[in-house]
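Visitor: Can you keep this structure in mind? I'll have questions shortly.
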Amino acid sequence: MTKFNADAWGEKLLRKFAGGSSRRSMLTRMGAALVAAPAFPLLPVSRAEAAKPDRSPEAKTVFARSAQTKDETKCDYWRYCAIDGALCTCCGGGIHSCPPGAEPSPVSWVGTCINPDDGKAYLIAYRDCCGKPACGQCGCDNTDRETQLYMPQLNNDVIWCFGTTSMEYHCSTAVLVGAAS
Amino acid sequence: MTKFNADAWGEKLLRKFAGGSSRRSMLTRMGAALVAAPAFPLLPVSRAEAAKPDRSPEAKTVFARSAQTKDETKCDYWRYCAIDGALCTCCGGGIHSCPPGAEPSPVSWVGTCINPDDGKAYLIAYRDCCGKPACGQCGCDNTDRETQLYMPQLNNDVIWCFGTTSMEYHCSTAVLVGAAS
Amino acid sequence: MSRNSRRIFAAFSLGYALFAGAVMAQAADAPADLTPEESDVMTIDPPKPTWFYVDGGWDMPGTSIFDGETGKMKGMVETRRLADMAIDPNGQYYYVAETIWSKGDRGTRQDMVTVYDSKTLNLVTEIPLPGRILIGSRKNNFIVSDDGKTAFVYDFSPTSGVNIVDLTKKKFTAAIELPGCASLMPNPGVGFSALCSDGSMATVAVKGTKGDITHTAPFFDATNDPIFDNFAYDRAKKQATFLTYTGQIYTAQISASPTVAAPFSIQAAAGIRPGETKPLETNWLPGGRQPMAVHRATGMMFVLMHMGEYWTHKESGTEVWQVDVAAKKVVKRFKLKDPMNNIAVSQTDKPLLYMNGEKGEALVIDVATGEEKHKIEKAGGSTITIADPL
Amino acid sequence: MSRNSRRIFAAFSLGYALFAGAVMAQAADAPADLTPEESDVMTIDPPKPTWFYVDGGWDMPGTSIFDGETGKMKGMVETRRLADMAIDPNGQYYYVAETIWSKGDRGTRQDMVTVYDSKTLNLVTEIPLPGRILIGSRKNNFIVSDDGKTAFVYDFSPTSGVNIVDLTKKKFTAAIELPGCASLMPNPGVGFSALCSDGSMATVAVKGTKGDITHTAPFFDATNDPIFDNFAYDRAKKQATFLTYTGQIYTAQISASPTVAAPFSIQAAAGIRPGETKPLETNWLPGGRQPMAVHRATGMMFVLMHMGEYWTHKESGTEVWQVDVAAKKVVKRFKLKDPMNNIAVSQTDKPLLYMNGEKGEALVIDVATGEEKHKIEKAGGSTITIADPL
């Protein structure tokens, strides 16, 4: 039996996609677009709602009603509405930056979170940082619109470390990808 | 550089010692004697005290004064005076038996514990059961006459899994080896 | 200690050879009636209907076997982080689908089904796989067919597929693509079924190394009211029981063309208003990682319930609701001292509920009396499996 | 979701190729001023004197780097269970002595020193070793020479020895037997020294692949009043500070022929009766896993102390006693809210105490004021290392 190597496979596809540049540099350039990708099954829903999005307090989840925009190291920071895991902002990384030595996954699950400052919904890509042991700091598990495994791009339990050199989970970032409506 | 394999080395010595029988069957026959072995630096001390052992309450440690002889699944069972780890009696094993699938180490650290029923001191070999993940049940850390790493046979932090097929620590037994005085 | 004894210690460090002599001298000091004990290794029975298996989850790399009657640990099956365990319905083996890197979290990736003998818990063999999903706390990513002959291993790389293992020959036989679906259940004589992102159920008729995929009509809303993927499958009735986030209960008859019955609301079955997806509607809702279990013989379903708004589906339950599925009635509500996250029920005449929560404490509750029979500390915080021998 | 969207999802599962187009469509919906963020990776500074490193121990396979001033985590060095970390005095590398089986806890054993770049925390290389001891919570089983050129790795198999690594050439150079001794300290220009079971200190003059071992006269009782093997070594003064279970404090001048000064009692230094080995004598005693630390510039020693009888040497401290070692005086006693098990001190002008306990919470205390500067939850429960660049 030949061994299927998910990492090699991911990298091959990514290299092809990036025209032969190195995976890391390609990732830097393409990362946001690639990672947001699994979100597109959301599009029909987002668009259906886009006609007249209801962002009133009555339409907001518990999380959205109490979210804040000041402190990225707390579970109630607005972008974390569907995050699960350790916040990279507490692990030596940033809101869209992996801690030193970790590697962002080019694909991710996504969330649609409301920014309380403008009341608008945004698409957030929860890119896992991979290749180091679990950071242990600031563990959060928020579940707005989080679904089950048959809809993996909306499930926050999957280890989203594909195309990285190691699939060890270190922490999660919350990358702003675009407006959701 | 050739790879030194501690397990193979241990097994070779053990096989030689056992006249070529299988490690497991040799272990069953020789186990007690082998495991007690590291205790011998205790002998001068034990013998010095043997002349007139003082087993009065005033000579007993905190552990010895409150030890019991009925329940082998509790940290205060008399034989556990220097045990560190999970009690195999809580993990599907027994006081001198490894749980299924685990393997007793042929060498161990030792303790000298007082049985409150007869007031006598006994030599206890704390044989680790190896080759399965930490059992997690009944964690104890008793430290009567427990010393530091330069005297390893009296140190209860060392992973005492030598000559076993895996050095993963599962739990610890407390094997009665002999009278200490 | 004298210089002399240091030299003895030096000799000790040269090997085992000197030990025996020293111990013999020691043993000579012992009373005549004191026989040094010998070390041995226990064996256990094959899986029994009153046994339950608690996965240690992220923190403990083993699945502990407990006897629900006595509360005693019987042994442990090695299940590293993100491994899935399944029990041979014939009782001969424990199977672990696992992923191991050759240097911990670096080096070469190795996916396999590892086979353990159920009596000795010794490793029998490893069956290499082309891959598997990495996720925790899921019952339905590694399932064994009702006759024990075939294992199905869900893969996500991130293409979605199923790897099939012949457990008789102990080898991987086929990789089948399963786009848009996951969360497997056996489909005897056919292959397997799964839930899909369009709200349908897929059925894969396995023929050799090929899979022929058909779908039911969509029957649930995978985006707005998903079915918990830790659902229950009943081997005897060939029936699956599904539960959604709002509390809708579906039963599905598994066959080459599965049929799904109209759902009912667990809240309505308890005489209160049904769960809703709207915010600000606080109600009793199902939640947890493994929020439900079904007792086959009586058709009783047990659901972890909590008070909250919608999208709190991972929240631990503060009550267990016992539902007579056929009668569509909640017949009993058990209040829990500590919130619980996973639930299972023994398939015995006098069913026992097994639960655990974030703290990793396992609870055994007698369904008939509601009495707490056992509370086991540090049992493990993840999935609970029950023994259900043929 | 419609059938149509399920087909889209099926396409998704075929690979990445389709993703970008879909996202571009998505991005087109965004306001003009909203630029999608890109993912990147941080780097950090080389080790700083205010940084401390907390080993996650048995439960967390990493050593977290914290800044003592801000209390913030800077990064993590991978240290699997029973690994030992050491810091390059030149600040360029982190070294991890570790043991990895090729299949988790089965397969082939691999012992190595793994080298990480201190700025990127990327793996630089692995240096294979013939073996090392498996034990947790020890500072002195893996030490680096003061010039950063040589590492010494203690081995116990169960023969006692030291494996020497040339860190410049990044290769293993020699295995030296060390019967009856362990717990290493650098011995600049000579090799290394160690404590022995006969109560002496051994000094190993390393010449190529050979070691010439000499011993001091025995000066402590390794059976009845052992020296904690997590002692302190001062690079500047070439001095080791030792602490025994009863509370005797020794200083040793490290050279080809080390000399040990007469000890004094920490309790006497605080004006109370000295510790004793006898039962029923409750007194303040040192205890913990890493019970002491020394601030080099001021010659202040910090000791975790608890009330108890003898043989409670692993018990966490409820106070920290600050000892002026030269003056043989306890100059300050810090009361702790929670008992602490490990202690370290920064080698800065304004020293900070770093501590943690069984709960894995790390504490930063300002020595001058006694003020608690930071409390970090889930920092890790094992050994604390400080950065002490040349």
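Scheme for the structure tokens: letters A, B, ... for chains in order shown; per-chain residue numbers from 1; ligand numbers from 1 in order shown.
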Quick one: residues within 6 Å of range 229-234 of chain C, only C-alpha atoms counted, chain neighbours fewer than 5 positions away excluded, as a PyMOL selection string?

Guide: (chain A and resi 148) or (chain C and resi 139+183+239-242+290)

Visitor: Any chance you could list, as a ChimeraX atom specification, the residues in range 305-366 of chain D that come up strand (DSSP E) when DSSP is run on the backbone?

Guide: /D:305-308,317-324,329-340,342-345,352-356,362-366

Visitor: So which bits of range 125-349 of chain D end up helix (DSSP H, G or I) when you DSSP the backbone, as a list in words?

Guide: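 So the helix (DSSP H, G or I) residues in range 125-349 of chain D would be Ile266, Gln267, Ala268 and Ala269 of chain D.
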
Visitor: Please compute the CA of Pro263 in chain C-CA of Thr143 in chain A distance, one decimal, in Å.

Guide: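 Atom-to-atom, CA of Pro263 in chain C and CA of Thr143 in chain A are spaced 24.3 Å apart.
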
Visitor: Extract, using only C-alpha atoms, all DNA, RNA and protein residues at most 9 Å from Gly92 in chain B, discarding same-chain residues fewer than 4 positions from it, and format them as an MDAnalysis selection string.

Guide: (chainID B and resid 88 97:100) or (chainID C and resid 42:44 65 72:76)

Visitor: With all heavy atoms retained, write the just-selected residues as a CSV table (one decimal), in the first residue's frame.

Guide:
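Contents of out_30.csv, as written:
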chain,number,residue,atom,x,y,z
B,88,CYS,N,-1.4,0.7,41.1
B,88,CYS,CA,-1.9,-0.3,40.1
B,88,CYS,C,-3.2,-1.0,40.6
B,88,CYS,O,-4.0,-1.4,39.9
B,88,CYS,CB,-0.8,-1.3,39.8
B,88,CYS,SG,0.6,-0.7,38.9
B,97,SER,N,0.7,-6.9,41.0
B,97,SER,CA,0.3,-7.3,39.6
B,97,SER,C,0.1,-6.1,38.8
B,97,SER,O,-0.6,-5.2,39.1
B,97,SER,CB,-1.0,-8.1,39.7
B,97,SER,OG,-0.9,-9.2,40.6
B,98,CYS,N,0.6,-6.2,37.5
B,98,CYS,CA,0.3,-5.2,36.6
B,98,CYS,C,-1.0,-5.3,36.0
B,98,CYS,O,-1.5,-6.4,35.8
B,98,CYS,CB,1.4,-5.2,35.5
B,98,CYS,SG,3.0,-4.6,36.0
B,99,PRO,N,-1.7,-4.2,35.6
B,99,PRO,CA,-3.0,-4.3,34.9
B,99,PRO,C,-2.7,-4.9,33.5
B,99,PRO,O,-1.6,-5.0,33.0
B,99,PRO,CB,-3.3,-2.8,34.7
B,99,PRO,CG,-2.6,-2.1,35.8
B,99,PRO,CD,-1.3,-2.8,35.9
B,100,PRO,N,-3.8,-5.5,32.9
B,100,PRO,CA,-3.6,-6.2,31.7
B,100,PRO,C,-2.9,-5.3,30.6
B,100,PRO,O,-3.2,-4.1,30.5
B,100,PRO,CB,-5.1,-6.5,31.2
B,100,PRO,CG,-6.0,-5.9,32.2
B,100,PRO,CD,-5.2,-5.5,33.4
C,42,MET,N,-2.1,-9.1,35.1
C,42,MET,CA,-3.5,-9.5,35.1
C,42,MET,C,-4.0,-9.7,33.7
C,42,MET,O,-3.5,-9.1,32.7
C,42,MET,CB,-4.4,-8.5,35.8
C,42,MET,CG,-3.9,-8.0,37.1
C,42,MET,SD,-4.3,-9.1,38.5
C,42,MET,CE,-5.8,-8.4,39.1
C,43,THR,N,-5.0,-10.5,33.5
C,43,THR,CA,-5.8,-10.5,32.3
C,43,THR,C,-7.2,-10.1,32.7
C,43,THR,O,-7.6,-10.1,33.9
C,43,THR,CB,-5.8,-11.8,31.6
C,43,THR,OG1,-6.4,-12.8,32.5
C,43,THR,CG2,-4.4,-12.3,31.2
C,44,ILE,N,-8.1,-9.7,31.7
C,44,ILE,CA,-9.4,-9.4,32.0
C,44,ILE,C,-10.4,-10.2,31.1
C,44,ILE,O,-10.0,-10.8,30.2
C,44,ILE,CB,-9.7,-7.9,31.8
C,44,ILE,CG1,-9.4,-7.4,30.5
C,44,ILE,CG2,-9.1,-7.1,32.9
C,44,ILE,CD1,-9.8,-5.9,30.2
C,65,ILE,N,-11.2,1.5,31.1
C,65,ILE,CA,-12.3,0.6,31.1
C,65,ILE,C,-12.8,0.5,32.6
C,65,ILE,O,-12.1,0.1,33.5
C,65,ILE,CB,-11.9,-0.8,30.7
C,65,ILE,CG1,-11.1,-0.7,29.3
C,65,ILE,CG2,-13.1,-1.8,30.6
C,65,ILE,CD1,-10.5,-2.1,28.9
C,72,LYS,N,-15.2,0.0,39.4
C,72,LYS,CA,-13.7,-0.3,39.4
C,72,LYS,C,-13.2,-0.2,38.0
C,72,LYS,O,-13.8,-0.6,37.0
C,72,LYS,CB,-13.4,-1.7,39.9
C,72,LYS,CG,-13.9,-1.9,41.4
C,72,LYS,CD,-12.9,-1.4,42.4
C,72,LYS,CE,-13.3,-1.7,43.8
C,72,LYS,NZ,-12.9,-0.7,44.7
C,73,MET,N,-11.9,0.3,37.9
C,73,MET,CA,-11.2,0.3,36.6
C,73,MET,C,-10.7,-1.1,36.4
C,73,MET,O,-10.2,-1.8,37.2
C,73,MET,CB,-10.1,1.3,36.7
C,73,MET,CG,-9.3,1.4,35.4
C,73,MET,SD,-8.2,2.8,35.4
C,73,MET,CE,-7.1,2.4,34.0
C,74,LYS,N,-10.9,-1.6,35.1
C,74,LYS,CA,-10.5,-2.9,34.8
C,74,LYS,C,-9.2,-2.9,33.9
C,74,LYS,O,-8.5,-3.9,33.9
C,74,LYS,CB,-11.6,-3.6,33.9
C,74,LYS,CG,-13.0,-3.6,34.5
C,74,LYS,CD,-13.1,-4.4,35.8
C,74,LYS,CE,-12.9,-5.9,35.5
C,74,LYS,NZ,-13.0,-6.6,36.8
C,75,GLY,N,-8.9,-1.8,33.3
C,75,GLY,CA,-7.8,-1.7,32.4
C,75,GLY,C,-7.8,-0.5,31.6
C,75,GLY,O,-8.7,0.3,31.8
C,76,MET,N,-6.9,-0.4,30.6
C,76,MET,CA,-6.9,0.8,29.8
C,76,MET,C,-6.5,0.4,28.4
C,76,MET,O,-5.6,-0.5,28.2
C,76,MET,CB,-5.9,1.7,30.3
C,76,MET,CG,-5.7,3.0,29.5
C,76,MET,SD,-4.5,4.1,30.3
C,76,MET,CE,-5.5,5.2,31.2

Visitor: Find the residues around Asp128 in chain B up to 7 Å (only C-alpha atoms counted), leave out those fewer than 3 positions away in its own chain, and share them as a list in words.

Guide: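 Selected residues are Pro104, Ser105, Ser108, Trp160, Cys161, Tyr169, Cys171, Ser172 and Thr173 of chain B.
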
Visitor: List as number ranges by chain the protein and nucleic acid residues near range 250-254 of chain D, meaning an atom at most 12 Å away when only C-alpha atoms are counted, but skip any in the same chain fewer than 2 places from it.

Guide: D: 184-195, 200-204, 216, 219-220, 226-228, 231-244, 247-248, 256-266, 294, 299, 301, 325-326, 328

Visitor: Return the neighbours of chain D among the residues of chain B, cut-off 7 Å, counting only C-alpha atoms, as a list in words.

Guide: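 In the required form, that comes to Lys3, Phe4, Ala6, Glu58, Ala59, Lys60, Thr61, Thr143, Asp144, Arg145, Thr147, Gln148, Leu149, Tyr150, Met151, Asp157, Val158, Ile159, Phe162, Ser166 and Glu168 of chain B.
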
Visitor: Export, as a short mmCIF file (atom, residue, chain, number, x, y, z; two decimals), in the first residue's frame, the selected residues with C-alpha atoms.

Guide:
data_model
loop_
_atom_site.label_atom_id
_atom_site.label_comp_id
_atom_site.auth_asym_id
_atom_site.auth_seq_id
_atom_site.Cartn_x
_atom_site.Cartn_y
_atom_site.Cartn_z
CA LYS B 3 22.42 3.63 18.39
CA PHE B 4 22.56 2.44 21.97
CA ALA B 6 18.74 0.49 26.49
CA GLU B 58 8.12 8.41 68.59
CA ALA B 59 10.38 6.77 65.99
CA LYS B 60 7.74 6.60 63.29
CA THR B 61 7.27 9.09 60.48
CA THR B 143 8.32 10.21 50.56
CA ASP B 144 9.55 8.28 53.59
CA ARG B 145 13.33 7.93 53.20
CA THR B 147 16.24 10.60 48.40
CA GLN B 148 17.67 12.34 45.35
CA LEU B 149 18.84 11.29 41.96
CA TYR B 150 22.46 10.49 42.92
CA MET B 151 20.93 7.65 44.95
CA ASP B 157 10.70 10.22 40.39
CA VAL B 158 12.79 8.09 38.01
CA ILE B 159 10.78 6.24 35.36
CA PHE B 162 14.10 -0.76 32.20
CA SER B 166 8.20 0.28 26.23
CA GLU B 168 5.80 4.46 29.06
#

Visitor: Write out as a VMD selection string each polymer residue whose atoms come within 8 Å of Cys113 in chain B, counting only C-alpha atoms; drop sequence neighbours fewer than 3 positions from it.

Guide: chain B and resid 64 78 to 82 121 to 124

Visitor: Give the answer as one residue: which of D:Gly148, D:Pro36, D:Gly271, D:Gly71 has the shortest atom-to-atom distance to Ala86 in chain D, using only C-alpha atoms?

Guide: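 Looking at the shortest contact to Ala86 in chain D, the residue is D:Gly148.
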
Visitor: Leaving out range 371-378 of chain C and any residue of its chain fewer than 6 positions from it, which residues lie within 7 Å of it when counting only C-alpha atoms, given as a PyMOL selection string?

Guide: (chain B and resi 136-137) or (chain C and resi 71+360-365)

Visitor: Deliver the residues from the most recent selection as a file, using C-alpha atoms, as a JSON list (two decimals), in the first residue's frame.

Guide:
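Saved as out-v5.json:
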[["chain", "number", "residue", "atom", "x", "y", "z"],
["B", 136, "GLY", "CA", -4.57, 8.46, 36.14],
["B", 137, "GLN", "CA", -6.29, 6.81, 39.12],
["C", 71, "GLY", "CA", -17.15, 1.41, 39.67],
["C", 360, "GLY", "CA", -13.17, 14.40, 33.94],
["C", 361, "GLU", "CA", -15.24, 12.86, 36.71],
["C", 362, "ALA", "CA", -17.35, 9.90, 35.61],
["C", 363, "LEU", "CA", -20.80, 9.31, 37.06],
["C", 364, "VAL", "CA", -22.81, 6.09, 37.13],
["C", 365, "ILE", "CA", -26.54, 6.56, 37.70]]
